[in-house]
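Trainee: Structure file protein-v4.txt (compact mmCIF, N, CA and C atoms) right here:
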```
# COMPACT_ATOMS: atom_id res chain seq x y z
N MET A 927 14.43 36.57 -24.37
CA MET A 927 13.01 36.32 -24.19
C MET A 927 12.77 35.79 -22.78
N HIS A 928 11.78 36.32 -22.14
CA HIS A 928 11.43 35.95 -20.77
C HIS A 928 10.56 34.69 -20.76
N VAL A 929 10.98 33.70 -19.99
CA VAL A 929 10.21 32.46 -19.84
C VAL A 929 9.53 32.51 -18.47
N PRO A 930 8.20 32.35 -18.43
CA PRO A 930 7.52 32.35 -17.14
C PRO A 930 8.03 31.19 -16.27
N LEU A 931 8.01 31.41 -14.98
CA LEU A 931 8.50 30.41 -14.04
C LEU A 931 7.77 29.08 -14.20
N TYR A 932 6.46 29.13 -14.39
CA TYR A 932 5.71 27.88 -14.55
C TYR A 932 6.15 27.12 -15.79
N GLN A 933 6.53 27.83 -16.84
CA GLN A 933 7.02 27.17 -18.05
C GLN A 933 8.39 26.54 -17.80
N ALA A 934 9.26 27.25 -17.06
CA ALA A 934 10.57 26.71 -16.73
C ALA A 934 10.44 25.45 -15.87
N LYS A 935 9.49 25.47 -14.95
CA LYS A 935 9.25 24.29 -14.10
C LYS A 935 8.74 23.13 -14.94
N ALA A 936 7.82 23.41 -15.86
CA ALA A 936 7.28 22.36 -16.72
C ALA A 936 8.39 21.76 -17.57
N ASP A 937 9.26 22.60 -18.10
CA ASP A 937 10.40 22.11 -18.89
C ASP A 937 11.31 21.24 -18.05
N PHE A 938 11.54 21.65 -16.81
CA PHE A 938 12.39 20.88 -15.90
C PHE A 938 11.79 19.50 -15.63
N PHE A 939 10.50 19.46 -15.32
CA PHE A 939 9.87 18.16 -15.04
C PHE A 939 9.77 17.31 -16.30
N ARG A 940 9.60 17.94 -17.43
CA ARG A 940 9.60 17.18 -18.69
C ARG A 940 10.97 16.54 -18.92
N MET A 941 12.03 17.30 -18.60
CA MET A 941 13.38 16.76 -18.74
C MET A 941 13.56 15.54 -17.82
N LEU A 942 12.95 15.56 -16.67
CA LEU A 942 13.05 14.43 -15.74
C LEU A 942 12.15 13.26 -16.15
N GLY A 943 11.27 13.48 -17.10
CA GLY A 943 10.23 12.52 -17.44
C GLY A 943 10.68 11.34 -18.28
N HIS A 944 11.78 10.73 -17.93
CA HIS A 944 12.22 9.52 -18.62
C HIS A 944 12.74 8.55 -17.57
N PRO A 945 12.30 7.28 -17.61
CA PRO A 945 12.70 6.33 -16.56
C PRO A 945 14.20 6.15 -16.44
N VAL A 946 14.92 6.18 -17.54
CA VAL A 946 16.38 6.00 -17.47
C VAL A 946 17.01 7.19 -16.76
N ARG A 947 16.53 8.40 -17.03
CA ARG A 947 17.09 9.58 -16.37
C ARG A 947 16.84 9.54 -14.87
N ILE A 948 15.63 9.13 -14.50
CA ILE A 948 15.32 9.01 -13.06
C ILE A 948 16.22 7.96 -12.42
N ARG A 949 16.40 6.84 -13.07
CA ARG A 949 17.25 5.77 -12.52
C ARG A 949 18.69 6.25 -12.38
N VAL A 950 19.19 6.98 -13.36
CA VAL A 950 20.56 7.52 -13.27
C VAL A 950 20.65 8.44 -12.05
N LEU A 951 19.69 9.32 -11.89
CA LEU A 951 19.73 10.25 -10.75
C LEU A 951 19.67 9.50 -9.43
N GLU A 952 18.87 8.45 -9.37
CA GLU A 952 18.82 7.64 -8.14
C GLU A 952 20.18 7.03 -7.84
N LEU A 953 20.84 6.51 -8.88
CA LEU A 953 22.15 5.87 -8.67
C LEU A 953 23.23 6.88 -8.29
N LEU A 954 23.06 8.13 -8.71
CA LEU A 954 24.06 9.15 -8.42
C LEU A 954 23.86 9.81 -7.05
N GLN A 955 22.80 9.48 -6.36
CA GLN A 955 22.52 10.10 -5.06
C GLN A 955 23.62 9.87 -4.04
N HIS A 956 24.35 8.78 -4.18
CA HIS A 956 25.34 8.41 -3.17
C HIS A 956 26.75 8.78 -3.58
N GLY A 957 26.88 9.52 -4.67
CA GLY A 957 28.19 9.96 -5.11
C GLY A 957 28.45 9.61 -6.56
N PRO A 958 29.61 10.01 -7.06
CA PRO A 958 29.94 9.78 -8.48
C PRO A 958 29.93 8.29 -8.83
N VAL A 959 29.49 8.01 -10.07
CA VAL A 959 29.41 6.63 -10.55
C VAL A 959 30.00 6.58 -11.96
N PRO A 960 30.93 5.64 -12.19
CA PRO A 960 31.47 5.48 -13.54
C PRO A 960 30.38 5.01 -14.52
N VAL A 961 30.50 5.42 -15.77
CA VAL A 961 29.53 5.04 -16.79
C VAL A 961 29.39 3.52 -16.88
N ARG A 962 30.49 2.79 -16.76
CA ARG A 962 30.40 1.32 -16.86
C ARG A 962 29.50 0.74 -15.77
N ASP A 963 29.52 1.34 -14.57
CA ASP A 963 28.65 0.88 -13.49
C ASP A 963 27.19 1.24 -13.76
N LEU A 964 26.98 2.43 -14.33
CA LEU A 964 25.62 2.81 -14.70
C LEU A 964 25.06 1.84 -15.73
N LEU A 965 25.88 1.49 -16.70
CA LEU A 965 25.46 0.52 -17.72
C LEU A 965 25.10 -0.82 -17.11
N ALA A 966 25.89 -1.27 -16.15
CA ALA A 966 25.63 -2.56 -15.51
C ALA A 966 24.34 -2.52 -14.70
N ASP A 967 24.06 -1.39 -14.05
CA ASP A 967 22.86 -1.29 -13.21
C ASP A 967 21.58 -1.04 -13.99
N ILE A 968 21.69 -0.35 -15.12
CA ILE A 968 20.49 0.04 -15.86
C ILE A 968 20.16 -0.94 -16.97
N ASP A 969 21.15 -1.60 -17.52
CA ASP A 969 20.94 -2.62 -18.55
C ASP A 969 20.24 -2.07 -19.79
N ILE A 970 20.88 -1.05 -20.40
CA ILE A 970 20.43 -0.53 -21.69
C ILE A 970 21.65 -0.42 -22.59
N GLU A 971 21.41 -0.13 -23.84
CA GLU A 971 22.50 0.04 -24.79
C GLU A 971 23.35 1.25 -24.42
N PRO A 972 24.65 1.16 -24.60
CA PRO A 972 25.52 2.31 -24.29
C PRO A 972 25.10 3.60 -24.99
N SER A 973 24.67 3.50 -26.25
CA SER A 973 24.28 4.71 -26.98
C SER A 973 23.04 5.36 -26.35
N SER A 974 22.11 4.55 -25.87
CA SER A 974 20.90 5.08 -25.21
C SER A 974 21.26 5.76 -23.91
N LEU A 975 22.14 5.13 -23.13
CA LEU A 975 22.56 5.76 -21.88
C LEU A 975 23.29 7.06 -22.16
N SER A 976 24.13 7.07 -23.17
CA SER A 976 24.86 8.27 -23.54
C SER A 976 23.91 9.42 -23.87
N GLN A 977 22.85 9.12 -24.60
CA GLN A 977 21.86 10.14 -24.94
C GLN A 977 21.19 10.71 -23.69
N GLN A 978 20.81 9.83 -22.78
CA GLN A 978 20.13 10.28 -21.56
C GLN A 978 21.07 11.07 -20.66
N LEU A 979 22.32 10.63 -20.59
CA LEU A 979 23.30 11.38 -19.79
C LEU A 979 23.53 12.77 -20.39
N ALA A 980 23.53 12.86 -21.71
CA ALA A 980 23.71 14.16 -22.37
C ALA A 980 22.57 15.11 -22.02
N VAL A 981 21.35 14.61 -21.98
CA VAL A 981 20.20 15.44 -21.60
C VAL A 981 20.39 15.96 -20.18
N LEU A 982 20.77 15.07 -19.27
CA LEU A 982 20.97 15.47 -17.87
C LEU A 982 22.13 16.46 -17.74
N ARG A 983 23.19 16.25 -18.49
CA ARG A 983 24.35 17.13 -18.45
C ARG A 983 23.99 18.52 -19.00
N ARG A 984 23.28 18.56 -20.13
CA ARG A 984 22.87 19.85 -20.71
C ARG A 984 21.96 20.63 -19.77
N SER A 985 21.14 19.92 -19.01
CA SER A 985 20.23 20.60 -18.08
C SER A 985 20.98 21.16 -16.87
N GLY A 986 22.18 20.65 -16.64
CA GLY A 986 22.98 21.15 -15.53
C GLY A 986 22.78 20.44 -14.21
N ILE A 987 22.02 19.35 -14.20
CA ILE A 987 21.81 18.68 -12.91
C ILE A 987 22.80 17.55 -12.66
N VAL A 988 23.58 17.18 -13.68
CA VAL A 988 24.70 16.25 -13.47
C VAL A 988 25.95 16.85 -14.10
N VAL A 989 27.07 16.42 -13.58
CA VAL A 989 28.37 16.82 -14.12
C VAL A 989 29.18 15.56 -14.38
N SER A 990 30.09 15.65 -15.33
CA SER A 990 30.94 14.50 -15.63
C SER A 990 32.39 14.85 -15.37
N THR A 991 33.15 13.83 -15.00
CA THR A 991 34.60 13.98 -14.81
C THR A 991 35.27 12.80 -15.49
N ARG A 992 36.47 13.04 -15.97
CA ARG A 992 37.23 11.98 -16.64
C ARG A 992 38.53 11.77 -15.89
N GLU A 993 38.82 10.51 -15.59
CA GLU A 993 40.10 10.11 -15.01
C GLU A 993 40.65 9.01 -15.90
N GLY A 994 41.60 9.36 -16.74
CA GLY A 994 42.10 8.39 -17.72
C GLY A 994 41.02 8.08 -18.71
N SER A 995 40.69 6.81 -18.85
CA SER A 995 39.63 6.42 -19.79
C SER A 995 38.28 6.26 -19.10
N THR A 996 38.21 6.54 -17.80
CA THR A 996 36.97 6.36 -17.04
C THR A 996 36.24 7.69 -16.91
N VAL A 997 34.99 7.70 -17.36
CA VAL A 997 34.12 8.87 -17.20
C VAL A 997 33.12 8.55 -16.11
N SER A 998 33.02 9.46 -15.14
CA SER A 998 32.07 9.30 -14.04
C SER A 998 31.10 10.46 -14.04
N TYR A 999 29.92 10.21 -13.52
CA TYR A 999 28.89 11.24 -13.40
C TYR A 999 28.53 11.42 -11.95
N ALA A 1000 28.14 12.65 -11.61
CA ALA A 1000 27.72 12.98 -10.25
C ALA A 1000 26.62 14.02 -10.33
N LEU A 1001 25.81 14.10 -9.28
CA LEU A 1001 24.81 15.16 -9.20
C LEU A 1001 25.52 16.49 -9.05
N ALA A 1002 24.99 17.51 -9.70
CA ALA A 1002 25.59 18.84 -9.62
C ALA A 1002 25.31 19.48 -8.26
N GLY A 1003 24.27 19.04 -7.58
CA GLY A 1003 23.92 19.57 -6.26
C GLY A 1003 23.03 18.62 -5.51
N GLY A 1004 22.89 18.84 -4.22
CA GLY A 1004 22.10 17.95 -3.38
C GLY A 1004 20.60 18.13 -3.51
N ASP A 1005 20.17 19.21 -4.16
CA ASP A 1005 18.74 19.45 -4.28
C ASP A 1005 18.03 18.38 -5.10
N VAL A 1006 18.73 17.82 -6.07
CA VAL A 1006 18.11 16.76 -6.91
C VAL A 1006 17.83 15.54 -6.05
N ALA A 1007 18.75 15.18 -5.18
CA ALA A 1007 18.53 14.04 -4.28
C ALA A 1007 17.34 14.31 -3.38
N GLU A 1008 17.19 15.54 -2.91
CA GLU A 1008 16.05 15.90 -2.07
C GLU A 1008 14.75 15.82 -2.87
N LEU A 1009 14.78 16.23 -4.13
CA LEU A 1009 13.61 16.13 -4.99
C LEU A 1009 13.19 14.67 -5.16
N LEU A 1010 14.15 13.77 -5.35
CA LEU A 1010 13.84 12.35 -5.49
C LEU A 1010 13.26 11.78 -4.20
N ARG A 1011 13.79 12.22 -3.06
CA ARG A 1011 13.23 11.78 -1.77
C ARG A 1011 11.80 12.28 -1.61
N ALA A 1012 11.56 13.54 -2.01
CA ALA A 1012 10.20 14.10 -1.93
C ALA A 1012 9.26 13.31 -2.83
N ALA A 1013 9.72 12.95 -4.01
CA ALA A 1013 8.88 12.16 -4.94
C ALA A 1013 8.53 10.81 -4.31
N ARG A 1014 9.49 10.18 -3.64
CA ARG A 1014 9.21 8.90 -2.98
C ARG A 1014 8.17 9.07 -1.88
N ARG A 1015 8.29 10.17 -1.11
CA ARG A 1015 7.30 10.41 -0.05
C ARG A 1015 5.91 10.62 -0.64
N ILE A 1016 5.83 11.41 -1.71
CA ILE A 1016 4.54 11.68 -2.35
C ILE A 1016 3.94 10.39 -2.90
N LEU A 1017 4.75 9.59 -3.60
CA LEU A 1017 4.26 8.32 -4.14
C LEU A 1017 3.81 7.37 -3.04
N THR A 1018 4.54 7.34 -1.95
CA THR A 1018 4.16 6.49 -0.81
C THR A 1018 2.79 6.89 -0.28
N GLU A 1019 2.56 8.20 -0.14
CA GLU A 1019 1.26 8.67 0.34
C GLU A 1019 0.15 8.34 -0.66
N LEU A 1020 0.42 8.55 -1.94
CA LEU A 1020 -0.59 8.25 -2.96
C LEU A 1020 -0.94 6.76 -2.97
N LEU A 1021 0.08 5.92 -2.90
CA LEU A 1021 -0.17 4.48 -2.92
C LEU A 1021 -0.86 4.02 -1.65
N ALA A 1022 -0.52 4.64 -0.52
CA ALA A 1022 -1.20 4.29 0.73
C ALA A 1022 -2.67 4.63 0.61
N GLY A 1023 -2.98 5.79 0.02
CA GLY A 1023 -4.38 6.17 -0.19
C GLY A 1023 -5.09 5.21 -1.11
N GLN A 1024 -4.41 4.75 -2.15
CA GLN A 1024 -5.00 3.78 -3.06
C GLN A 1024 -5.23 2.45 -2.36
N ASN A 1025 -4.29 2.05 -1.51
CA ASN A 1025 -4.46 0.80 -0.76
C ASN A 1025 -5.66 0.89 0.17
N GLN A 1026 -5.84 2.07 0.79
CA GLN A 1026 -6.99 2.25 1.66
C GLN A 1026 -8.28 2.15 0.86
N LEU A 1027 -8.32 2.79 -0.30
CA LEU A 1027 -9.50 2.72 -1.16
C LEU A 1027 -9.75 1.29 -1.61
N LEU A 1028 -8.70 0.59 -2.01
CA LEU A 1028 -8.85 -0.80 -2.43
C LEU A 1028 -9.40 -1.65 -1.28
N SER A 1029 -8.91 -1.43 -0.09
CA SER A 1029 -9.40 -2.17 1.07
C SER A 1029 -10.88 -1.89 1.31
N GLN A 1030 -11.27 -0.63 1.19
CA GLN A 1030 -12.68 -0.27 1.37
C GLN A 1030 -13.55 -0.91 0.29
N LEU A 1031 -13.06 -0.92 -0.94
CA LEU A 1031 -13.82 -1.55 -2.02
C LEU A 1031 -13.98 -3.04 -1.77
N ARG A 1032 -12.92 -3.68 -1.31
CA ARG A 1032 -13.00 -5.12 -1.02
C ARG A 1032 -13.97 -5.40 0.12
N GLN A 1033 -13.94 -4.53 1.15
CA GLN A 1033 -14.87 -4.71 2.27
C GLN A 1033 -16.31 -4.54 1.80
N ALA A 1034 -16.55 -3.54 0.95
CA ALA A 1034 -17.90 -3.31 0.44
C ALA A 1034 -18.35 -4.48 -0.42
N ASP A 1035 -17.43 -5.02 -1.23
CA ASP A 1035 -17.75 -6.17 -2.08
C ASP A 1035 -18.09 -7.38 -1.22
N THR A 1036 -17.32 -7.59 -0.17
CA THR A 1036 -17.57 -8.71 0.74
C THR A 1036 -18.91 -8.54 1.43
N ALA A 1037 -19.22 -7.32 1.86
CA ALA A 1037 -20.49 -7.06 2.54
C ALA A 1037 -21.67 -7.31 1.60
N GLU A 1038 -21.52 -6.95 0.33
CA GLU A 1038 -22.60 -7.15 -0.63
C GLU A 1038 -22.83 -8.63 -0.92
N THR A 1039 -21.76 -9.39 -0.99
CA THR A 1039 -21.93 -10.82 -1.29
C THR A 1039 -22.48 -11.57 -0.09
N GLU A 1040 -22.29 -11.03 1.10
CA GLU A 1040 -22.80 -11.69 2.29
C GLU A 1040 -24.24 -11.30 2.57
N THR A 1041 -24.75 -10.22 1.95
CA THR A 1041 -26.12 -9.78 2.16
C THR A 1041 -27.04 -10.59 1.26
N PRO A 1042 -28.07 -11.22 1.83
CA PRO A 1042 -28.97 -12.02 0.98
C PRO A 1042 -29.68 -11.13 -0.02
N ALA A 1043 -29.66 -11.54 -1.27
CA ALA A 1043 -30.31 -10.78 -2.33
C ALA A 1043 -31.64 -11.41 -2.70
N ALA A 1044 -32.01 -12.49 -2.04
CA ALA A 1044 -33.27 -13.18 -2.37
C ALA A 1044 -34.43 -12.25 -2.09
N GLY A 1045 -35.45 -12.36 -2.91
CA GLY A 1045 -36.64 -11.57 -2.69
C GLY A 1045 -36.61 -10.24 -3.40
N ARG A 1046 -35.50 -9.91 -4.09
CA ARG A 1046 -35.51 -8.67 -4.84
C ARG A 1046 -34.70 -8.83 -6.12
N LEU A 1047 -35.17 -8.16 -7.12
CA LEU A 1047 -34.47 -8.08 -8.39
C LEU A 1047 -34.14 -6.63 -8.65
N LEU A 1048 -33.20 -6.39 -9.51
CA LEU A 1048 -32.85 -5.02 -9.84
C LEU A 1048 -33.51 -4.64 -11.17
N THR A 1049 -34.02 -3.41 -11.22
CA THR A 1049 -34.53 -2.89 -12.48
C THR A 1049 -33.34 -2.46 -13.32
N ASP A 1050 -33.62 -1.99 -14.53
CA ASP A 1050 -32.54 -1.53 -15.40
C ASP A 1050 -31.76 -0.39 -14.77
N ARG A 1051 -32.38 0.37 -13.90
CA ARG A 1051 -31.70 1.49 -13.26
C ARG A 1051 -31.01 1.09 -11.96
N GLY A 1052 -31.06 -0.14 -11.60
CA GLY A 1052 -30.37 -0.62 -10.41
C GLY A 1052 -31.18 -0.51 -9.13
N SER A 1053 -32.44 -0.11 -9.18
CA SER A 1053 -33.22 -0.02 -7.96
C SER A 1053 -33.97 -1.33 -7.73
N PRO A 1054 -34.16 -1.67 -6.47
CA PRO A 1054 -34.81 -2.96 -6.18
C PRO A 1054 -36.29 -2.94 -6.55
N ARG A 1055 -36.79 -4.08 -6.97
CA ARG A 1055 -38.23 -4.23 -7.19
C ARG A 1055 -38.62 -5.61 -6.64
N PRO A 1056 -39.79 -5.73 -6.21
CA PRO A 1056 -40.20 -7.03 -5.65
C PRO A 1056 -40.23 -8.11 -6.72
N THR A 1057 -39.98 -9.32 -6.28
CA THR A 1057 -40.05 -10.46 -7.19
C THR A 1057 -41.52 -10.78 -7.44
N PRO A 1058 -41.85 -11.24 -8.64
CA PRO A 1058 -43.27 -11.55 -8.96
C PRO A 1058 -43.76 -12.78 -8.24
```
For this file, produce the structure as structure tokens.
Mentor:
Amino acid sequence: MHVPLYQAKADFFRMLGHPVRIRVLELLQHGPVPVRDLLADIDIEPSSLSQQLAVLRRSGIVVSTREGSTVSYALAGGDVAELLRAARRILTELLAGQNQLLSQLRQADTAETETPAAGRLLTDRGSPRPTP
């Protein structure tokens, strides 16, 4: 069965849509990490981490290796690290825009409180009317 590209992309982003999975991918950006270190950094139950790692492994974006009793995970390719960097850039731009809007709102609020309102009342629709 043929899956449209937009559906495959939606499935991919849905797979990424869990905070633990994102955190694991962030930690793996610098190279393989043993599961015990992931557990120490993420602070969740081992069974929960195991479930999230299985989702990432099934999707093919992480791989696991075993050396003795130590299991380590690594990114399957560098594109995931680039995707995370792109997400940080996008979030930075979005938050900067929100900060600018917040600053403008605060300036407008300050300007309104400094403008004398004496001599006028607001009607129910918010338009000024003279005081009686």
Trainee: In Å, how far is it from atom N of Lys935 of chain A to atom C of Leu1020 of chain A?
Mentor: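 Rounded to one decimal, the two atoms are 24.5 Å apart.
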Trainee: Which residue out of A:Ala1037, A:Leu1031, A:Arg962, A:Arg947 has the minimum interatomic distance to Thr996 of chain A when all atoms listed in the file are used?
Mentor: A:Arg962
Trainee: Any idea what the distance is between atom CA of Ala1007 of chain A and atom CA of Glu952 of chain A?
Mentor: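 Atom-to-atom, atom CA of Ala1007 of chain A and atom CA of Glu952 of chain A are spaced 7.5 Å apart.
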Trainee: Using atom CA of Val1006 of chain A and atom C of Arg940 of chain A as the two end points, give the distance in Å to one decimal.
Mentor: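 Atom-to-atom, atom CA of Val1006 of chain A to atom C of Arg940 of chain A, that is 14.0 Å.
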Trainee: Using only C-alpha atoms, give me every residue within 9 Å of (23.6, 17.2, -9.8) in file coordinates, as a VMD selection string.
Mentor: chain A and resid 951 954 to 955 982 to 983 986 to 989 999 to 1007
Trainee: Go ahead and save the picked residues with N, CA and C atoms, as a tab-separated table (two decimals), in the coordinates of the input.
Mentor:
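What follows is the written file again.tsv:
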```tsv
chain	number	residue	atom	x	y	z
A	951	LEU	N	19.69	9.32	-11.89
A	951	LEU	CA	19.73	10.25	-10.75
A	951	LEU	C	19.67	9.50	-9.43
A	954	LEU	N	23.06	8.13	-8.71
A	954	LEU	CA	24.06	9.15	-8.42
A	954	LEU	C	23.86	9.81	-7.05
A	955	GLN	N	22.80	9.48	-6.36
A	955	GLN	CA	22.52	10.10	-5.06
A	955	GLN	C	23.62	9.87	-4.04
A	982	LEU	N	20.77	15.07	-19.27
A	982	LEU	CA	20.97	15.47	-17.87
A	982	LEU	C	22.13	16.46	-17.74
A	983	ARG	N	23.19	16.25	-18.49
A	983	ARG	CA	24.35	17.13	-18.45
A	983	ARG	C	23.99	18.52	-19.00
A	986	GLY	N	22.18	20.65	-16.64
A	986	GLY	CA	22.98	21.15	-15.53
A	986	GLY	C	22.78	20.44	-14.21
A	987	ILE	N	22.02	19.35	-14.20
A	987	ILE	CA	21.81	18.68	-12.91
A	987	ILE	C	22.80	17.55	-12.66
A	988	VAL	N	23.58	17.18	-13.68
A	988	VAL	CA	24.70	16.25	-13.47
A	988	VAL	C	25.95	16.85	-14.10
A	989	VAL	N	27.07	16.42	-13.58
A	989	VAL	CA	28.37	16.82	-14.12
A	989	VAL	C	29.18	15.56	-14.38
A	999	TYR	N	29.92	10.21	-13.52
A	999	TYR	CA	28.89	11.24	-13.40
A	999	TYR	C	28.53	11.42	-11.95
A	1000	ALA	N	28.14	12.65	-11.61
A	1000	ALA	CA	27.72	12.98	-10.25
A	1000	ALA	C	26.62	14.02	-10.33
A	1001	LEU	N	25.81	14.10	-9.28
A	1001	LEU	CA	24.81	15.16	-9.20
A	1001	LEU	C	25.52	16.49	-9.05
A	1002	ALA	N	24.99	17.51	-9.70
A	1002	ALA	CA	25.59	18.84	-9.62
A	1002	ALA	C	25.31	19.48	-8.26
A	1003	GLY	N	24.27	19.04	-7.58
A	1003	GLY	CA	23.92	19.57	-6.26
A	1003	GLY	C	23.03	18.62	-5.51
A	1004	GLY	N	22.89	18.84	-4.22
A	1004	GLY	CA	22.10	17.95	-3.38
A	1004	GLY	C	20.60	18.13	-3.51
A	1005	ASP	N	20.17	19.21	-4.16
A	1005	ASP	CA	18.74	19.45	-4.28
A	1005	ASP	C	18.03	18.38	-5.10
A	1006	VAL	N	18.73	17.82	-6.07
A	1006	VAL	CA	18.11	16.76	-6.91
A	1006	VAL	C	17.83	15.54	-6.05
A	1007	ALA	N	18.75	15.18	-5.18
A	1007	ALA	CA	18.53	14.04	-4.28
A	1007	ALA	C	17.34	14.31	-3.38
```
Trainee: Find, counting only C-alpha atoms, the residue in A:His928, A:Asp1035, A:Leu1010, A:Asp963 that gets nearest to Leu975 of chain A.
Mentor: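 Counting only C-alpha atoms, the residue closest to Leu975 of chain A is A:Asp963.
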Trainee: Run DSSP on the backbone and give me the residues of chain A it puts in helix (DSSP H, G or I), as JSON, numbers by chain.
Mentor: {"A": [931, 932, 933, 934, 935, 936, 937, 938, 939, 940, 941, 942, 945, 946, 947, 948, 949, 950, 951, 952, 953, 954, 961, 962, 963, 964, 965, 966, 967, 968, 972, 973, 974, 975, 976, 977, 978, 979, 980, 981, 982, 983, 984, 985, 1005, 1006, 1007, 1008, 1009, 1010, 1011, 1012, 1013, 1014, 1015, 1016, 1017, 1018, 1019, 1020, 1021, 1022, 1023, 1024, 1025, 1026, 1027, 1028, 1029, 1030, 1031, 1032, 1033, 1034, 1035, 1036, 1037, 1038, 1039, 1040]}
Trainee: Go through A:Pro972, A:Glu1038, A:Leu1028, A:Gly957 and flag the residue nearest Ser998 of chain A, using all atoms listed in the file for the distances.
Mentor: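 Ranked by minimum distance to Ser998 of chain A, first place goes to A:Gly957.
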Trainee: Which residues in chain A does DSSP call strand (DSSP E or B)? List them as JSON, numbers by chain.
Mentor: {"A": [959, 960, 988, 989, 990, 991, 992, 993, 996, 997, 998, 999, 1000, 1001, 1046, 1047, 1048, 1054, 1055, 1056]}
Trainee: Would you write out those residues with N, CA and C atoms, as an mmCIF file, in the coordinates of the input?
Mentor:
```
data_model
loop_
_atom_site.group_PDB
_atom_site.id
_atom_site.type_symbol
_atom_site.label_atom_id
_atom_site.label_comp_id
_atom_site.auth_asym_id
_atom_site.auth_seq_id
_atom_site.Cartn_x
_atom_site.Cartn_y
_atom_site.Cartn_z
ATOM 1 N N VAL A 959 29.490 8.010 -10.070
ATOM 2 C CA VAL A 959 29.410 6.630 -10.550
ATOM 3 C C VAL A 959 30.000 6.580 -11.960
ATOM 4 N N PRO A 960 30.930 5.640 -12.190
ATOM 5 C CA PRO A 960 31.470 5.480 -13.540
ATOM 6 C C PRO A 960 30.380 5.010 -14.520
ATOM 7 N N VAL A 988 23.580 17.180 -13.680
ATOM 8 C CA VAL A 988 24.700 16.250 -13.470
ATOM 9 C C VAL A 988 25.950 16.850 -14.100
ATOM 10 N N VAL A 989 27.070 16.420 -13.580
ATOM 11 C CA VAL A 989 28.370 16.820 -14.120
ATOM 12 C C VAL A 989 29.180 15.560 -14.380
ATOM 13 N N SER A 990 30.090 15.650 -15.330
ATOM 14 C CA SER A 990 30.940 14.500 -15.630
ATOM 15 C C SER A 990 32.390 14.850 -15.370
ATOM 16 N N THR A 991 33.150 13.830 -15.000
ATOM 17 C CA THR A 991 34.600 13.980 -14.810
ATOM 18 C C THR A 991 35.270 12.800 -15.490
ATOM 19 N N ARG A 992 36.470 13.040 -15.970
ATOM 20 C CA ARG A 992 37.230 11.980 -16.640
ATOM 21 C C ARG A 992 38.530 11.770 -15.890
ATOM 22 N N GLU A 993 38.820 10.510 -15.590
ATOM 23 C CA GLU A 993 40.100 10.110 -15.010
ATOM 24 C C GLU A 993 40.650 9.010 -15.900
ATOM 25 N N THR A 996 38.210 6.540 -17.800
ATOM 26 C CA THR A 996 36.970 6.360 -17.040
ATOM 27 C C THR A 996 36.240 7.690 -16.910
ATOM 28 N N VAL A 997 34.990 7.700 -17.360
ATOM 29 C CA VAL A 997 34.120 8.870 -17.200
ATOM 30 C C VAL A 997 33.120 8.550 -16.110
ATOM 31 N N SER A 998 33.020 9.460 -15.140
ATOM 32 C CA SER A 998 32.070 9.300 -14.040
ATOM 33 C C SER A 998 31.100 10.460 -14.040
ATOM 34 N N TYR A 999 29.920 10.210 -13.520
ATOM 35 C CA TYR A 999 28.890 11.240 -13.400
ATOM 36 C C TYR A 999 28.530 11.420 -11.950
ATOM 37 N N ALA A 1000 28.140 12.650 -11.610
ATOM 38 C CA ALA A 1000 27.720 12.980 -10.250
ATOM 39 C C ALA A 1000 26.620 14.020 -10.330
ATOM 40 N N LEU A 1001 25.810 14.100 -9.280
ATOM 41 C CA LEU A 1001 24.810 15.160 -9.200
ATOM 42 C C LEU A 1001 25.520 16.490 -9.050
ATOM 43 N N ARG A 1046 -35.500 -9.910 -4.090
ATOM 44 C CA ARG A 1046 -35.510 -8.670 -4.840
ATOM 45 C C ARG A 1046 -34.700 -8.830 -6.120
ATOM 46 N N LEU A 1047 -35.170 -8.160 -7.120
ATOM 47 C CA LEU A 1047 -34.470 -8.080 -8.390
ATOM 48 C C LEU A 1047 -34.140 -6.630 -8.650
ATOM 49 N N LEU A 1048 -33.200 -6.390 -9.510
ATOM 50 C CA LEU A 1048 -32.850 -5.020 -9.840
ATOM 51 C C LEU A 1048 -33.510 -4.640 -11.170
ATOM 52 N N PRO A 1054 -34.160 -1.670 -6.470
ATOM 53 C CA PRO A 1054 -34.810 -2.960 -6.180
ATOM 54 C C PRO A 1054 -36.290 -2.940 -6.550
ATOM 55 N N ARG A 1055 -36.790 -4.080 -6.970
ATOM 56 C CA ARG A 1055 -38.230 -4.230 -7.190
ATOM 57 C C ARG A 1055 -38.620 -5.610 -6.640
ATOM 58 N N PRO A 1056 -39.790 -5.730 -6.210
ATOM 59 C CA PRO A 1056 -40.200 -7.030 -5.650
ATOM 60 C C PRO A 1056 -40.230 -8.110 -6.720
#
```
Trainee: Of the candidates A:Arg949, A:Arg992, A:Arg1014, A:His956, which one gets nearest to Leu979 of chain A if we count only C-alpha atoms?
Mentor: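 So, comparing all the options, the nearest one is A:Arg949.
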Trainee: Neighbours of Val997 of chain A within 7 Å (all atoms listed in the file; same-chain residues fewer than 2 positions away dropped), as a list of chain:residue names?
Mentor: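 The neighbour list is A:Val959, A:Pro960, A:Val961, A:Arg962, A:Ser990, A:Thr991, A:Arg992, A:Glu993, A:Gly994, A:Ser995, A:Tyr999.
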Trainee: Compile the contact shell of Val946 of chain A as an mmCIF file with N, CA and C atoms, in the coordinates of the input: residues with an atom at most 8 Å away, counting only C-alpha atoms, same-chain residues fewer than 4 positions apart removed.
Mentor:
```
data_model
loop_
_atom_site.group_PDB
_atom_site.id
_atom_site.type_symbol
_atom_site.label_atom_id
_atom_site.label_comp_id
_atom_site.auth_asym_id
_atom_site.auth_seq_id
_atom_site.Cartn_x
_atom_site.Cartn_y
_atom_site.Cartn_z
ATOM 1 N N VAL A 950 19.190 6.980 -13.360
ATOM 2 C CA VAL A 950 20.560 7.520 -13.270
ATOM 3 C C VAL A 950 20.650 8.440 -12.050
ATOM 4 N N ILE A 968 21.690 -0.350 -15.120
ATOM 5 C CA ILE A 968 20.490 0.040 -15.860
ATOM 6 C C ILE A 968 20.160 -0.940 -16.970
ATOM 7 N N LEU A 975 22.140 5.130 -23.130
ATOM 8 C CA LEU A 975 22.560 5.760 -21.880
ATOM 9 C C LEU A 975 23.290 7.060 -22.160
ATOM 10 N N GLN A 978 20.810 9.830 -22.780
ATOM 11 C CA GLN A 978 20.130 10.280 -21.560
ATOM 12 C C GLN A 978 21.070 11.070 -20.660
#
```
